[in-house]
>>> print(open('protein00.txt').read())   # compact mmCIF, C-alpha atoms and all ligand atoms
# COMPACT_ATOMS: atom_id res chain seq x y z
CA MET A 1 0.00 0.00 0.00
CA PHE A 2 1.20 3.48 -0.83
CA GLN A 3 1.45 5.89 2.09
CA THR A 4 2.53 9.50 2.13
CA LYS A 5 3.25 12.16 4.73
CA GLU A 6 3.47 14.89 2.10
CA ASP A 7 0.79 17.56 2.31
CA ARG A 8 0.46 18.05 -1.45
CA VAL A 9 -3.15 17.15 -2.21
CA SER A 10 -2.39 15.63 -5.63
CA ILE A 11 0.05 13.16 -4.04
CA ILE A 12 -2.36 12.16 -1.27
CA ARG A 13 -5.12 11.61 -3.82
CA ALA A 14 -2.85 9.71 -6.26
CA CYS A 15 -1.78 7.32 -3.46
CA GLU A 16 -5.45 6.68 -2.57
CA ILE A 17 -6.32 5.97 -6.19
CA ALA A 18 -3.29 3.70 -6.76
CA ASN A 19 -4.24 1.73 -3.62
CA LYS A 20 -7.82 1.33 -4.80
CA MET A 21 -6.59 0.17 -8.19
CA LEU A 22 -4.39 -2.54 -6.71
CA LEU A 23 -7.31 -3.80 -4.60
CA GLY A 24 -9.88 -3.79 -7.42
CA ASP A 25 -10.20 -6.04 -10.48
CA GLU A 26 -10.10 -3.65 -13.43
CA PHE A 27 -6.39 -2.93 -13.36
CA TYR A 28 -5.60 -6.64 -13.55
CA LEU A 29 -7.87 -7.07 -16.56
CA LEU A 30 -5.85 -4.35 -18.28
CA VAL A 31 -2.59 -6.07 -17.33
CA LYS A 32 -3.87 -9.32 -18.82
CA ALA A 33 -4.89 -7.61 -22.07
CA ALA A 34 -1.40 -8.48 -23.33
CA VAL A 35 0.17 -11.93 -22.89
CA MET A 36 3.77 -10.77 -22.52
CA TYR A 37 5.59 -7.45 -22.22
CA ASP A 38 8.97 -6.39 -23.60
CA ASP A 39 12.10 -7.29 -21.62
CA SER A 40 10.17 -9.41 -19.09
CA ASN A 41 10.19 -13.18 -18.57
CA ALA A 42 6.88 -13.10 -16.68
CA THR A 43 3.56 -13.72 -18.41
CA SER A 44 0.82 -11.20 -17.70
CA SER A 45 -0.89 -13.75 -15.41
CA GLN A 46 2.33 -14.09 -13.44
CA LEU A 47 2.61 -10.31 -13.27
CA VAL A 48 -0.90 -10.12 -11.82
CA SER A 49 0.08 -12.66 -9.13
CA LEU A 50 3.25 -10.71 -8.33
CA ILE A 51 1.42 -7.38 -8.05
CA LYS A 52 -1.08 -8.98 -5.67
CA LYS A 53 1.71 -10.69 -3.71
CA TYR A 54 3.40 -7.39 -2.87
CA ARG A 55 0.45 -5.02 -2.69
CA THR A 56 0.26 -5.21 1.11
CA ASP A 57 3.88 -4.03 1.45
CA THR A 58 4.20 -0.46 2.65
CA ILE A 59 5.67 1.91 0.08
CA LYS A 60 6.33 5.43 1.33
CA VAL A 61 5.83 8.13 -1.27
CA GLU A 62 8.10 11.12 -0.67
CA LEU A 63 9.16 14.25 -2.51
CA VAL A 64 12.86 14.31 -3.36
CA LYS A 65 15.11 16.98 -4.85
CA PRO A 66 16.76 15.84 -8.07
CA TRP A 67 20.49 16.53 -8.49
CA TYR A 68 19.61 19.08 -11.17
CA ARG A 69 16.89 21.67 -10.55
CA PHE A 70 15.40 21.38 -14.05
CA SER A 71 15.72 17.61 -14.27
CA LYS A 72 12.83 16.06 -16.17
CA MET A 73 13.01 13.05 -13.88
CA ARG A 74 9.55 12.09 -12.67
CA ALA A 75 10.50 9.70 -9.92
CA VAL A 76 13.34 7.66 -8.57
CA PHE A 77 13.67 4.11 -7.33
CA ASN A 78 16.64 3.50 -5.07
CA SER A 79 17.48 -0.14 -4.34
CA SER A 80 19.13 0.84 -1.04
CA ARG A 81 15.72 2.16 0.09
CA PRO A 82 13.32 0.03 -1.93
CA ASN A 83 10.27 0.88 0.17
CA VAL A 84 10.61 4.59 -0.57
CA LEU A 85 9.24 5.96 -3.81
CA GLY A 86 10.73 9.38 -4.53
CA LEU A 87 8.84 11.91 -6.63
CA ASN A 88 10.59 14.94 -8.14
CA LYS A 89 9.82 17.84 -5.79
CA TYR A 90 10.02 20.39 -8.60
CA ARG A 91 7.43 18.80 -10.83
CA LYS A 92 3.72 19.08 -10.19
CA PRO A 93 2.05 16.52 -12.41
CA PHE A 94 -1.69 16.05 -12.56
CA ILE A 95 -3.18 13.29 -10.47
CA GLU A 96 -3.64 10.89 -13.41
CA SER A 97 0.06 11.21 -14.33
CA LEU A 98 1.10 10.70 -10.72
CA VAL A 99 -0.93 7.49 -10.54
CA GLY A 100 0.88 6.24 -13.66
CA THR A 101 4.26 7.19 -12.19
CA ILE A 102 3.49 5.46 -8.87
CA ILE A 103 2.53 2.21 -10.65
CA HIS A 104 5.61 2.48 -12.91
CA GLU A 105 7.90 2.76 -9.87
CA TYR A 106 6.00 -0.01 -8.06
CA MET A 107 7.00 -2.37 -10.88
CA HIS A 108 10.64 -1.50 -10.18
CA TYR A 109 9.98 -2.40 -6.55
CA ILE A 110 8.62 -5.85 -7.54
CA ASP A 111 11.51 -6.33 -9.97
CA HIS A 112 13.90 -5.61 -7.10
CA ARG A 113 12.12 -8.04 -4.75
CA GLU A 114 11.91 -10.92 -7.23
CA ASP A 115 14.87 -13.05 -8.26
CA GLU A 116 13.13 -15.32 -10.73
CA PHE A 117 11.27 -12.69 -12.69
CA THR A 118 12.52 -9.58 -14.41
CA MET A 119 10.46 -6.56 -15.50
CA GLY A 120 12.68 -3.52 -15.93
CA HIS A 121 13.41 -1.19 -18.82
CA GLY A 122 17.20 -0.88 -18.86
CA SER A 123 18.53 2.66 -19.18
CA ASN A 124 16.71 5.77 -17.99
CA SER A 125 15.79 6.88 -21.48
CA SER A 126 12.09 6.25 -22.20
CA LYS A 127 12.68 5.91 -25.97
CA GLY A 128 11.48 2.59 -27.35
CA LYS A 129 10.42 1.39 -23.88
CA ALA A 130 6.66 1.78 -24.22
CA GLY A 131 6.17 -1.99 -24.30
CA THR A 132 8.11 -2.73 -21.10
CA VAL A 133 6.25 -3.56 -17.89
CA PRO A 134 6.89 -0.28 -15.99
CA TYR A 135 5.91 1.94 -18.93
CA ALA A 136 3.02 -0.18 -20.22
CA LEU A 137 1.46 -0.70 -16.79
CA GLY A 138 2.05 2.93 -15.81
CA ARG A 139 0.15 3.95 -18.93
CA LYS A 140 -2.68 1.52 -18.19
CA ALA A 141 -2.93 2.88 -14.63
CA LYS A 142 -3.13 6.44 -15.95
CA TYR A 143 -5.85 5.39 -18.38
CA LEU A 144 -7.85 3.64 -15.65
CA CYS A 145 -7.47 6.67 -13.37
CA ILE A 146 -8.94 8.95 -16.05
CA LYS A 147 -11.71 6.48 -16.85
CA LYS A 148 -12.79 5.65 -13.33
CA TYR A 149 -11.20 7.75 -10.58
CA HIS A 150 -10.04 11.19 -11.59
CA LYS A 151 -9.79 13.30 -14.69
CA THR A 152 -8.28 16.79 -14.47
CA PRO A 153 -10.57 19.21 -16.35
CA ALA A 154 -9.08 20.27 -19.71
CA LYS A 155 -9.52 23.96 -18.84
CA LYS A 156 -7.43 23.68 -15.69
CA LYS A 157 -4.81 21.75 -17.65
CA SER A 158 -4.32 24.37 -20.35
CA ILE A 159 -4.04 27.27 -17.89
CA PHE A 160 -1.63 25.29 -15.75
CA ARG A 161 0.55 24.40 -18.73
CA LEU A 162 0.74 28.01 -19.85
CA PHE A 163 2.30 29.08 -16.56
CA ASN A 164 4.43 26.05 -15.89
CA PRO A 165 7.58 25.96 -18.08
CA LEU A 166 8.32 22.42 -16.86
CA SER A 167 5.25 21.17 -18.70
CA TRP A 168 6.35 22.64 -22.03
CA PHE A 169 8.60 19.75 -22.90
ZN ZN B 1 11.50 3.27 -14.64
>>> encode(input="protein00.txt", output="structure tokens")
Amino acid sequence: MFQTKEDRVSIIRACEIANKMLLGDEFYLLVKAAVMYDDSNATSSQLVSLIKKYRTDTIKVELVKPWYRFSKMRAVFNSSRPNVLGLNKYRKPFIESLVGTIIHEYMHYIDHREDEFTMGHGSNSSKGKAGTVPYALGRKAKYLCIKKYHKTPAKKKSIFRLFNPLSWF
């Protein structure tokens, strides 16, 4: 379960939604929509079992400062502190994106915990990685968030983007 002590409302809400997703059925149906994912030796059914196996573990979601102020990094997984999921303090993504990022990083956590199965995406570049487990499942989580839990109104989005240079990339 994802827990946070941060007071940023979007993070609190994203943790709640991600927790609900991992307890419900719909997310797993989306995972099983493909049989296999790139760079993983686990079938989608095995992935579902793994996600359920670890979903009661406590993952603390914290804001962290990246080494570079204008880093485009969304989040960081650190194997020396696997139960801490660090989100870039300088970015303020919408809730649906945060949910996707949390699920993406959670797959790194499972990858770290499991010896038999692998589900990473190699280097930090996202190019050509859309079919890997962290990116594909992060995208599915974002989609499910928009469909069922939370959708940021388009009007708010466009005004926000106009005044936030970090979102221009
Ligand atoms: Zn990643």
>>> residues_near_ligand(input="protein00.txt", ligand="ligand ZN 1 (chain B)", cutoff="8 Å", atoms="only C-alpha atoms and all ligand atoms", output="PDB file with C-alpha atoms, in the frame of the given file")
ATOM      1  CA  VAL A  76      13.340   7.660  -8.570  1.00  0.00           C
ATOM      2  CA  PHE A  77      13.670   4.110  -7.330  1.00  0.00           C
ATOM      3  CA  HIS A 104       5.610   2.480 -12.910  1.00  0.00           C
ATOM      4  CA  GLU A 105       7.900   2.760  -9.870  1.00  0.00           C
ATOM      5  CA  HIS A 108      10.640  -1.500 -10.180  1.00  0.00           C
ATOM      6  CA  GLY A 120      12.680  -3.520 -15.930  1.00  0.00           C
ATOM      7  CA  HIS A 121      13.410  -1.190 -18.820  1.00  0.00           C
ATOM      8  CA  ASN A 124      16.710   5.770 -17.990  1.00  0.00           C
ATOM      9  CA  PRO A 134       6.890  -0.280 -15.990  1.00  0.00           C
ATOM     10  CA  TYR A 135       5.910   1.940 -18.930  1.00  0.00           C
TER      11      TYR A 135
END
>>> atom_distance(input="protein00.txt", atom1="atom CA of Ser40 of chain A", atom2="atom CA of Ala75 of chain A")
21.2 Å
>>> closest_residue(input="protein00.txt", among="A:Asp39, A:Asp25, A:Glu96, A:Glu6", to="Lys157 of chain A", atoms="all atoms listed in the file")
A:Glu96
>>> closest_residue(input="protein00.txt", among="A:Val48, A:Met73, A:Val61, A:Ala14", to="Ser126 of chain A", atoms="only C-alpha atoms")
A:Met73
>>> closest_residue(input="protein00.txt", among="A:Gly128, A:Gly100, A:Gly138, A:Gly86", to="Glu62 of chain A", atoms="only C-alpha atoms")
A:Gly86
>>> atom_distance(input="protein00.txt", atom1="atom CA of Tyr54 of chain A", atom2="atom CA of Arg81 of chain A")
15.9 Å
